[in-house]
>>> print(open('query-v8.txt').read())   # compact mmCIF, C-alpha atoms
# COMPACT_ATOMS: atom_id res chain seq x y z
CA MET A 31 -14.85 13.73 18.49
CA SER A 32 -15.39 17.48 18.13
CA ASP A 33 -12.63 18.14 15.58
CA MET A 34 -14.05 15.83 12.90
CA THR A 35 -17.11 14.05 11.59
CA GLN A 36 -17.28 10.44 10.42
CA SER A 37 -19.94 9.14 8.08
CA PRO A 38 -20.45 5.66 6.63
CA VAL A 39 -20.96 5.86 2.88
CA ARG A 40 -22.11 3.52 0.15
CA PHE A 41 -20.98 3.99 -3.42
CA GLY A 42 -19.97 2.20 -6.58
CA HIS A 43 -22.13 0.01 -8.79
CA GLY A 44 -25.40 -0.70 -7.00
CA ASP A 45 -24.00 0.97 -3.88
CA GLY A 46 -22.17 -2.26 -3.21
CA LEU A 47 -19.03 -0.65 -1.79
CA LEU A 48 -18.81 0.65 1.78
CA GLY A 49 -16.42 3.11 3.36
CA MET A 50 -15.98 5.62 6.17
CA LEU A 51 -15.62 9.28 5.26
CA THR A 52 -13.77 11.44 7.80
CA GLU A 53 -13.94 15.24 7.54
CA PRO A 54 -12.30 17.99 9.64
CA VAL A 55 -14.68 20.55 11.15
CA GLN A 56 -12.52 22.97 13.15
CA CYS A 57 -10.02 24.10 10.51
CA GLN A 58 -9.91 25.06 6.87
CA PRO A 59 -10.08 21.80 4.90
CA LEU A 60 -7.23 21.00 2.56
CA PRO A 61 -8.04 20.56 -1.15
CA VAL A 62 -6.77 16.96 -1.15
CA CYS A 63 -8.38 13.77 0.17
CA CYS A 64 -6.56 10.64 1.34
CA LEU A 65 -7.83 7.22 0.28
CA MET A 66 -6.97 4.16 2.37
CA LEU A 67 -7.78 0.65 1.20
CA ASN A 68 -7.41 -2.92 2.37
CA MET A 69 -4.11 -4.53 3.20
CA GLY A 70 -4.56 -7.90 1.52
CA ALA A 71 -7.86 -9.38 2.66
CA ASN A 72 -7.96 -7.37 5.89
CA HIS A 73 -10.82 -5.03 6.80
CA ARG A 74 -10.55 -1.36 5.81
CA VAL A 75 -9.56 -0.34 9.37
CA GLY A 76 -6.12 -1.77 8.65
CA PRO A 77 -3.90 -3.81 10.97
CA ARG A 78 -4.34 -2.62 14.57
CA ARG A 79 -6.85 -0.05 13.23
CA ILE A 80 -3.95 1.93 11.80
CA ASN A 81 -6.09 3.42 9.01
CA VAL A 82 -8.57 4.71 11.59
CA LYS A 83 -5.75 6.31 13.56
CA LEU A 84 -4.28 7.82 10.41
CA ALA A 85 -7.67 9.24 9.40
CA HIS A 86 -8.03 10.90 12.81
CA ALA A 87 -4.51 12.33 12.64
CA LEU A 88 -5.12 13.75 9.18
CA ALA A 89 -8.46 15.28 10.19
CA ALA A 90 -6.74 17.08 13.07
CA GLN A 91 -4.62 18.83 10.43
CA GLY A 92 -7.47 19.67 8.10
CA MET A 93 -7.45 16.74 5.69
CA SER A 94 -10.43 14.62 4.71
CA SER A 95 -10.03 10.90 4.12
CA LEU A 96 -11.99 7.88 2.98
CA ARG A 97 -11.10 4.38 4.08
CA LEU A 98 -12.85 1.81 1.94
CA ASP A 99 -13.32 -1.90 1.48
CA LEU A 100 -12.70 -3.11 -2.04
CA GLY A 101 -15.42 -5.27 -3.54
CA GLY A 102 -15.66 -8.65 -1.84
CA ILE A 103 -13.63 -7.64 1.23
CA GLY A 104 -14.85 -6.48 4.62
CA ASP A 105 -18.28 -4.87 4.38
CA SER A 106 -18.28 -4.37 0.60
CA GLU A 107 -20.25 -6.71 -1.63
CA ALA A 108 -18.55 -8.84 -4.23
CA PRO A 109 -19.53 -7.64 -7.70
CA GLY A 110 -21.55 -9.93 -9.90
CA GLY A 111 -19.40 -11.93 -12.25
CA ALA A 112 -16.31 -10.87 -10.31
CA SER A 113 -14.44 -14.00 -11.30
CA ALA A 114 -14.51 -12.89 -14.95
CA VAL A 115 -13.00 -9.48 -14.20
CA PRO A 116 -9.29 -9.29 -13.33
CA LEU A 117 -8.56 -8.18 -9.79
CA ALA A 118 -6.41 -5.32 -11.05
CA LEU A 119 -9.34 -3.82 -12.97
CA ARG A 120 -11.81 -4.31 -10.13
CA ALA A 121 -9.54 -2.59 -7.61
CA VAL A 122 -8.95 0.38 -9.92
CA HIS A 123 -12.67 0.76 -10.61
CA ASP A 124 -13.41 0.67 -6.88
CA LEU A 125 -10.82 3.36 -6.15
CA GLN A 126 -12.17 5.51 -8.96
CA ALA A 127 -15.69 5.09 -7.57
CA ALA A 128 -14.35 6.30 -4.21
CA MET A 129 -12.88 9.37 -5.89
CA ASP A 130 -16.18 10.04 -7.65
CA LEU A 131 -18.01 9.92 -4.31
CA VAL A 132 -15.61 12.34 -2.60
CA GLU A 133 -15.72 14.70 -5.56
CA ALA A 134 -19.52 14.72 -5.55
CA ARG A 135 -19.83 15.22 -1.78
CA LEU A 136 -16.86 17.44 -0.97
CA GLY A 137 -15.85 18.93 -4.31
CA ILE A 138 -12.30 17.58 -3.91
CA ARG A 139 -10.57 16.46 -7.11
CA ARG A 140 -7.10 15.61 -5.83
CA PHE A 141 -6.20 12.42 -4.03
CA VAL A 142 -3.34 10.75 -2.25
CA ILE A 143 -3.61 6.97 -1.88
CA VAL A 144 -2.00 5.04 0.97
CA GLY A 145 -1.33 1.46 -0.12
CA MET A 146 -0.04 -1.14 2.33
CA CYS A 147 1.53 -4.41 1.16
CA SER A 148 -0.62 -5.73 -1.72
CA GLY A 149 -2.57 -2.46 -1.59
CA ALA A 150 0.51 -0.77 -3.07
CA GLU A 151 -0.10 -2.53 -6.37
CA HIS A 152 -3.72 -1.33 -6.50
CA ALA A 153 -2.68 2.22 -5.59
CA MET A 154 -0.07 2.25 -8.36
CA SER A 155 -2.58 0.97 -10.90
CA ALA A 156 -5.11 3.66 -9.99
CA GLY A 157 -2.47 6.36 -10.03
CA MET A 158 -1.34 5.32 -13.48
CA VAL A 159 -4.78 5.73 -15.09
CA ASP A 160 -6.50 8.51 -13.14
CA ALA A 161 -5.19 12.08 -13.28
CA ARG A 162 -6.87 12.93 -9.98
CA VAL A 163 -4.21 10.94 -8.10
CA ILE A 164 -1.36 13.28 -7.16
CA GLY A 165 0.50 11.14 -4.63
CA LEU A 166 1.10 7.55 -3.52
CA SER A 167 2.44 6.39 -0.16
CA LEU A 168 3.48 2.74 -0.55
CA PHE A 169 4.27 0.64 2.53
CA ASP A 170 6.13 -2.68 2.16
CA GLY A 171 4.99 -2.99 -1.43
CA PHE A 172 7.29 -3.96 -4.27
CA ALA A 173 10.89 -4.59 -3.26
CA PHE A 174 13.86 -5.65 -5.35
CA PRO A 175 16.78 -5.98 -2.92
CA GLN A 176 20.05 -6.74 -4.61
CA ARG A 177 22.35 -9.64 -3.83
CA ARG A 178 24.22 -8.12 -0.89
CA ALA A 179 20.99 -7.10 0.84
CA ARG A 180 19.46 -10.55 0.28
CA TRP A 181 22.53 -12.32 1.65
CA GLU A 182 22.62 -10.10 4.72
CA ARG A 183 18.93 -10.68 5.38
CA THR A 184 19.36 -14.44 5.05
CA LEU A 185 22.41 -14.49 7.33
CA ARG A 186 20.78 -12.39 10.04
CA ARG A 187 17.66 -14.52 10.05
CA ALA A 188 19.67 -17.74 10.10
CA LEU A 189 21.69 -16.56 13.10
CA ALA A 190 18.61 -15.37 14.97
CA ALA A 191 16.34 -18.32 14.18
CA PRO A 192 17.68 -20.95 16.67
CA ALA A 193 17.07 -18.60 19.60
CA HIS A 194 13.45 -17.97 18.64
CA PRO A 195 10.88 -19.89 20.77
CA ALA A 196 9.00 -21.01 17.66
CA PHE A 197 12.08 -22.32 15.85
CA ALA A 198 11.65 -26.01 16.73
CA GLY A 199 8.01 -26.04 15.67
CA LYS A 200 8.81 -24.31 12.38
CA VAL A 201 11.54 -26.84 11.58
CA ARG A 202 9.08 -29.70 12.14
CA ARG A 203 6.54 -28.04 9.85
CA TRP A 204 9.15 -27.38 7.15
CA ILE A 205 10.24 -31.01 7.22
CA GLY A 206 6.64 -32.22 7.18
CA ARG A 207 5.70 -30.01 4.23
CA GLY A 208 8.83 -31.04 2.34
CA LEU A 209 8.09 -34.73 2.78
CA SER A 210 4.47 -34.23 1.81
CA ARG A 211 5.40 -32.45 -1.41
CA TRP A 212 8.01 -35.05 -2.27
CA LEU A 213 5.58 -37.90 -1.71
CA SER A 214 2.72 -36.29 -3.58
CA ARG A 215 4.89 -34.76 -6.32
CA ALA A 216 2.70 -31.69 -5.90
CA GLY A 217 5.54 -29.21 -6.12
CA ALA A 218 5.14 -25.69 -4.84
CA ALA A 219 1.78 -24.60 -3.50
CA ARG A 220 -0.49 -22.79 -5.92
CA PRO A 221 -0.96 -19.05 -5.31
CA LEU A 222 -4.09 -18.13 -3.41
CA PRO A 223 -6.88 -16.56 -5.47
CA GLY A 224 -8.71 -13.34 -4.80
CA PHE A 225 -6.94 -10.45 -3.13
CA PHE A 226 -3.60 -12.15 -2.62
CA SER A 227 -1.01 -11.32 -5.24
CA GLU A 228 0.05 -14.23 -7.40
CA GLU A 229 3.72 -15.05 -7.42
CA LEU A 230 5.29 -14.22 -10.77
CA PRO A 231 8.83 -14.32 -12.12
CA PRO A 232 10.87 -11.44 -10.67
CA VAL A 233 11.80 -10.19 -14.12
CA VAL A 234 8.11 -9.75 -15.01
CA ALA A 235 7.28 -7.91 -11.78
CA GLU A 236 10.36 -5.73 -12.20
CA ALA A 237 9.40 -4.77 -15.76
CA TRP A 238 5.86 -3.79 -14.74
CA PHE A 239 7.12 -1.83 -11.74
CA ARG A 240 9.63 0.10 -13.85
CA ALA A 241 7.12 0.96 -16.55
CA THR A 242 4.45 2.02 -14.07
CA MET A 243 6.81 4.15 -12.00
CA ARG A 244 8.14 5.93 -15.08
CA ARG A 245 4.61 6.83 -16.13
CA LEU A 246 3.74 8.05 -12.65
CA TRP A 247 6.90 10.16 -12.54
CA ALA A 248 6.11 11.61 -15.98
CA ARG A 249 2.71 12.67 -14.62
CA GLN A 250 4.45 14.26 -11.62
CA VAL A 251 2.74 11.96 -9.12
CA ALA A 252 4.55 12.30 -5.77
CA LEU A 253 5.94 9.02 -4.46
CA HIS A 254 6.70 7.81 -0.95
CA PHE A 255 8.32 4.43 -0.34
CA LEU A 256 8.22 3.14 3.24
CA TYR A 257 9.80 -0.16 4.29
CA SER A 258 9.63 -1.91 7.65
CA GLY A 259 12.28 -3.85 9.50
CA SER A 260 10.14 -7.00 9.53
CA LEU A 261 10.67 -7.97 5.93
CA HIS A 262 13.96 -6.19 5.36
CA VAL A 263 16.43 -6.34 8.22
CA SER A 264 18.79 -3.66 6.96
CA ASP A 265 19.06 -0.95 4.35
CA ARG A 266 21.96 0.95 2.88
CA GLY A 267 21.52 3.29 -0.03
CA ARG A 268 17.88 2.42 -0.71
CA ASP A 269 18.60 -1.31 -0.82
CA GLN A 270 14.98 -2.40 -1.27
CA LEU A 271 14.85 -0.66 -4.65
CA GLY A 272 18.53 -1.02 -5.38
CA ALA A 273 18.03 -2.00 -9.01
CA PHE A 274 16.30 1.33 -9.58
CA ARG A 275 18.72 3.49 -7.60
CA ASP A 276 19.52 5.74 -10.55
CA GLU A 277 16.00 6.03 -11.93
CA PRO A 278 14.61 9.61 -11.94
CA PHE A 279 11.42 8.50 -10.20
CA LEU A 280 13.37 7.19 -7.22
CA GLN A 281 15.66 10.20 -7.09
CA ALA A 282 12.59 12.43 -6.79
CA ALA A 283 10.75 10.20 -4.29
CA GLN A 284 10.88 10.13 -0.50
CA TYR A 285 12.31 6.84 0.73
CA ASP A 286 12.09 5.72 4.36
CA PHE A 287 13.41 2.55 5.94
CA LEU A 288 12.36 2.21 9.59
CA ARG A 289 13.87 -0.86 11.22
CA ASP A 290 11.75 -0.49 14.38
CA LEU A 291 8.55 -0.50 12.32
CA ASP A 292 6.98 -3.94 11.89
CA HIS A 293 4.95 -5.06 8.89
CA THR A 294 1.61 -5.27 10.73
CA VAL A 295 2.32 -2.32 13.06
CA CYS A 296 1.92 -4.52 16.14
CA THR A 297 3.82 -2.32 18.58
CA ALA A 298 2.98 1.12 19.91
CA ARG A 299 6.39 2.28 18.70
CA GLY A 300 5.72 0.89 15.23
CA GLN A 301 2.37 2.64 15.03
CA GLN A 302 3.96 5.91 16.10
CA LEU A 303 6.61 5.57 13.39
CA PHE A 304 4.07 4.70 10.71
CA LEU A 305 1.73 7.57 11.57
CA GLY A 306 4.63 9.99 11.67
CA ALA A 307 6.18 8.92 8.38
CA VAL A 308 2.97 8.49 6.37
CA GLY A 309 0.93 11.23 8.04
CA ASP A 310 3.64 13.87 7.68
CA TRP A 311 4.26 13.00 4.04
CA VAL A 312 0.56 13.01 3.13
CA ILE A 313 -0.06 16.36 4.83
CA ALA A 314 3.03 17.89 3.22
CA ARG A 315 1.86 16.75 -0.17
CA ALA A 316 -1.64 18.13 0.41
CA ARG A 317 -0.36 21.50 1.59
CA GLY A 318 2.12 21.67 -1.23
CA THR A 319 -0.67 21.36 -3.80
CA ALA A 320 -2.98 23.91 -2.21
CA ALA A 321 -1.81 26.63 -4.59
CA GLU A 322 -1.29 24.40 -7.63
CA ARG A 323 -3.54 24.51 -10.65
CA ARG A 324 -3.92 21.09 -12.21
CA SER A 325 -6.09 20.60 -15.23
CA PRO A 326 -9.07 18.37 -14.37
CA GLY A 327 -9.08 17.27 -17.99
CA THR A 328 -5.59 15.81 -17.97
CA ALA A 329 -5.67 12.72 -20.10
CA ALA A 330 -5.39 9.45 -18.25
CA ALA A 331 -3.22 6.62 -19.50
CA PRO A 332 -4.98 3.46 -20.72
CA LEU A 333 -5.11 0.80 -18.05
CA GLU A 334 -2.46 -1.89 -18.17
CA PRO A 335 -3.31 -4.46 -15.48
CA PRO A 336 -0.53 -5.26 -13.02
CA ILE A 337 1.07 -8.57 -13.26
CA ALA A 338 0.50 -9.15 -9.95
CA GLY A 339 -10.82 0.72 19.54
CA ALA A 340 -13.79 -1.50 19.00
CA LEU A 341 -16.49 1.12 19.65
CA ALA A 342 -14.94 3.78 17.41
CA PRO A 343 -16.36 4.20 13.89
CA GLN A 344 -14.65 1.75 11.53
>>> encode(input="query-v8.txt", output="structure tokens")
Amino acid sequence: MSDMTQSPVRFGHGDGLLGMLTEPVQCQPLPVCCLMLNMGANHRVGPRRINVKLAHALAAQGMSSLRLDLGGIGDSEAPGGASAVPLALRAVHDLQAAMDLVEARLGIRRFVIVGMCSGAEHAMSAGMVDARVIGLSLFDGFAFPQRRARWERTLRRALAAPAHPAFAGKVRRWIGRGLSRWLSRAGAARPLPGFFSEELPPVVAEAWFRATMRRLWARQVALHFLYSGSLHVSDRGRDQLGAFRDEPFLQAAQYDFLRDLDHTVCTARGQQLFLGAVGDWVIARARGTAAERRSPGTAAAPLEPPIAGALAPQ
């Protein structure tokens, strides 16, 4: 494409990490770069190549981006002794290595990170410890819907379930799993290792989320919360973060609930909504910082691990 260049890059310890750097060529580049990482264990292109499409959209408006695979996912190598290093630390180190690469190649020292699903946790962790992060766009990440929202979600799903073609098969599987657990006394399934978040008590997740968000807000990191209609069927008054409704960080953040947007952006309409919401916010943040003077020596907070088109360049 004539309005941008795309270059595969290796970086990190032993050049074990791989990413795709996209740069605009027909307009004045913005002084901010967008980082996009894996959604769970998915490849860096994102579901339905949404990260590729977002990178192209940003380049058309003058913004560079780097979509990367964290160590052990996609095309990036797993670091030696990875099992001894907490996932939270590894993800932060990988994102910081990505920032180092962009800074060395493009001279850009400001970054917005787009984190989808479990990627939101990694984006928050990096933003908390690295002063170069000036914005986070978090899609279907942490959610703490209050009782009314949970009841409404349960009721809507219960009413809709019998009409779904897969309902009968799901019921059989639920019964089968229940009998199997009862017979084996195995209890609930253990959380999957690696890049899937472990399930922890809500009170612990809520405490970490509150503390992290307060530190990000104190550092004036811009925040964008985006929720889909797949996981949360309705929203009134920022329901998904209802417990934090009065927190300063949420009052200052942009909050979007898009019922027609699905969690894995399967539909053309969903992709359009995602690109519009995330792309517009990222560009606005980049343009809003063009005249700012941020000290490159701003002290970073000590890391506190979280508790939890086929031929196109990828």
>>> atom_distance(input="query-v8.txt", atom1="atom CA of Arg275 of chain A", atom2="atom CA of Glu151 of chain A")
19.8 Å
>>> residues_around(input="query-v8.txt", residues="Ile80 of chain A", least_positions_apart="2", cutoff="10 Å", atoms="all atoms listed in the file", output="number ranges by chain")
A: 74-78, 82-86, 294-296, 301-302, 304-305
>>> atom_distance(input="query-v8.txt", atom1="atom CA of Leu303 of chain A", atom2="atom CA of Leu291 of chain A")
6.5 Å
>>> atom_distance(input="query-v8.txt", atom1="atom CA of Gly309 of chain A", atom2="atom CA of Cys64 of chain A")
10.1 Å
>>> closest_residue(input="query-v8.txt", among="A:Asp160, A:Glu236, A:Asp130, A:Glu107", to="Phe174 of chain A", atoms="all atoms listed in the file")
A:Glu236
>>> closest_residue(input="query-v8.txt", among="A:Phe172, A:Tyr257, A:Phe41, A:Phe287", to="Ala237 of chain A", atoms="only C-alpha atoms")
A:Phe172
>>> residues_around(input="query-v8.txt", residues="Phe169 of chain A", least_positions_apart="2", cutoff="7 Å", atoms="only C-alpha atoms", output="JSON, numbers by chain")
{"A": [145, 146, 147, 150, 167, 171, 255, 256, 257]}
>>> closest_residue(input="query-v8.txt", among="A:Pro175, A:Ala127, A:Thr242, A:Asp286", to="Gly157 of chain A", atoms="only C-alpha atoms")
A:Thr242
>>> closest_residue(input="query-v8.txt", among="A:Glu277, A:Glu53, A:Asp292, A:Asp265", to="Val132 of chain A", atoms="only C-alpha atoms")
A:Glu53
>>> closest_residue(input="query-v8.txt", among="A:Gly70, A:Gly259, A:Gly101, A:Gly306", to="Arg40 of chain A", atoms="only C-alpha atoms")
A:Gly101
>>> residues_around(input="query-v8.txt", residues="Ala252 of chain A", least_positions_apart="2", cutoff="7 Å", atoms="only C-alpha atoms", output="compact mmCIF listing (two decimals) with C-alpha atoms, in the frame of the given file")
# COMPACT_ATOMS: atom_id res chain seq x y z
CA ILE A 164 -1.36 13.28 -7.16
CA GLY A 165 0.50 11.14 -4.63
CA LEU A 166 1.10 7.55 -3.52
CA GLN A 250 4.45 14.26 -11.62
CA HIS A 254 6.70 7.81 -0.95
CA ALA A 283 10.75 10.20 -4.29
>>> closest_residue(input="query-v8.txt", among="A:Pro116, A:Arg268, A:Gly110, A:Ala282", to="Arg244 of chain A", atoms="only C-alpha atoms")
A:Ala282
>>> decode(input="query-v8.txt", residues="segment 137-160 of chain A", atoms="N, CA, C and O atoms", output="short mmCIF file (atom, residue, chain, number, x, y, z; two decimals), in the first residue's frame")
data_model
loop_
_atom_site.label_atom_id
_atom_site.label_comp_id
_atom_site.auth_asym_id
_atom_site.auth_seq_id
_atom_site.Cartn_x
_atom_site.Cartn_y
_atom_site.Cartn_z
N GLY A 137 12.41 7.08 17.05
CA GLY A 137 12.57 8.21 17.95
C GLY A 137 11.31 8.57 18.72
O GLY A 137 11.22 9.66 19.30
N ILE A 138 10.33 7.69 18.74
CA ILE A 138 9.06 7.95 19.44
C ILE A 138 9.16 7.43 20.87
O ILE A 138 9.58 6.30 21.10
N ARG A 139 8.75 8.29 21.83
CA ARG A 139 8.86 7.93 23.24
C ARG A 139 7.49 7.91 23.93
O ARG A 139 7.42 7.83 25.16
N ARG A 140 6.43 8.00 23.19
CA ARG A 140 5.10 7.97 23.78
C ARG A 140 4.29 6.85 23.15
O ARG A 140 4.30 6.68 21.93
N PHE A 141 3.53 6.14 23.97
CA PHE A 141 2.85 4.95 23.48
C PHE A 141 1.44 4.86 24.04
O PHE A 141 1.19 5.19 25.19
N VAL A 142 0.56 4.38 23.16
CA VAL A 142 -0.78 3.96 23.56
C VAL A 142 -0.85 2.45 23.34
O VAL A 142 -0.42 1.97 22.28
N ILE A 143 -1.36 1.72 24.31
CA ILE A 143 -1.46 0.27 24.18
C ILE A 143 -2.92 -0.13 24.07
O ILE A 143 -3.76 0.32 24.86
N VAL A 144 -3.22 -0.96 23.07
CA VAL A 144 -4.56 -1.52 22.90
C VAL A 144 -4.54 -2.94 23.44
O VAL A 144 -3.84 -3.80 22.91
N GLY A 145 -5.28 -3.18 24.51
CA GLY A 145 -5.33 -4.50 25.13
C GLY A 145 -6.72 -5.09 25.02
O GLY A 145 -7.69 -4.49 25.46
N MET A 146 -6.81 -6.27 24.43
CA MET A 146 -8.10 -6.95 24.25
C MET A 146 -8.19 -8.14 25.19
O MET A 146 -7.28 -8.96 25.26
N CYS A 147 -9.30 -8.23 25.92
CA CYS A 147 -9.55 -9.37 26.82
C CYS A 147 -8.40 -9.49 27.81
O CYS A 147 -8.11 -8.56 28.55
N SER A 148 -7.70 -10.63 27.86
CA SER A 148 -6.61 -10.79 28.81
C SER A 148 -5.46 -9.82 28.53
O SER A 148 -4.66 -9.52 29.43
N GLY A 149 -5.37 -9.32 27.30
CA GLY A 149 -4.34 -8.33 26.98
C GLY A 149 -4.52 -7.04 27.76
O GLY A 149 -3.57 -6.27 27.91
N ALA A 150 -5.73 -6.78 28.27
CA ALA A 150 -5.97 -5.58 29.06
C ALA A 150 -5.14 -5.60 30.33
O ALA A 150 -4.60 -4.58 30.77
N GLU A 151 -5.03 -6.77 30.93
CA GLU A 151 -4.24 -6.89 32.16
C GLU A 151 -2.78 -6.57 31.91
O GLU A 151 -2.14 -5.85 32.67
N HIS A 152 -2.23 -7.10 30.80
CA HIS A 152 -0.83 -6.83 30.47
C HIS A 152 -0.62 -5.36 30.15
O HIS A 152 0.40 -4.76 30.53
N ALA A 153 -1.57 -4.74 29.44
CA ALA A 153 -1.46 -3.33 29.11
C ALA A 153 -1.47 -2.48 30.38
O ALA A 153 -0.68 -1.53 30.51
N MET A 154 -2.34 -2.80 31.32
CA MET A 154 -2.40 -2.07 32.57
C MET A 154 -1.10 -2.20 33.35
O MET A 154 -0.59 -1.22 33.91
N SER A 155 -0.54 -3.39 33.38
CA SER A 155 0.71 -3.62 34.11
C SER A 155 1.85 -2.81 33.52
O SER A 155 2.64 -2.20 34.25
N ALA A 156 1.94 -2.78 32.19
CA ALA A 156 2.99 -2.00 31.54
C ALA A 156 2.78 -0.51 31.77
O ALA A 156 3.73 0.24 32.01
N GLY A 157 1.53 -0.07 31.68
CA GLY A 157 1.26 1.34 31.90
C GLY A 157 1.57 1.78 33.31
O GLY A 157 1.92 2.94 33.54
N MET A 158 1.46 0.89 34.26
CA MET A 158 1.70 1.24 35.65
C MET A 158 3.18 1.47 35.94
O MET A 158 3.54 2.26 36.82
N VAL A 159 4.07 0.80 35.19
CA VAL A 159 5.49 0.86 35.53
C VAL A 159 6.35 1.61 34.53
O VAL A 159 7.52 1.85 34.79
N ASP A 160 5.80 1.98 33.38
CA ASP A 160 6.61 2.64 32.36
C ASP A 160 6.00 3.99 31.99
O ASP A 160 4.88 4.07 31.50
#
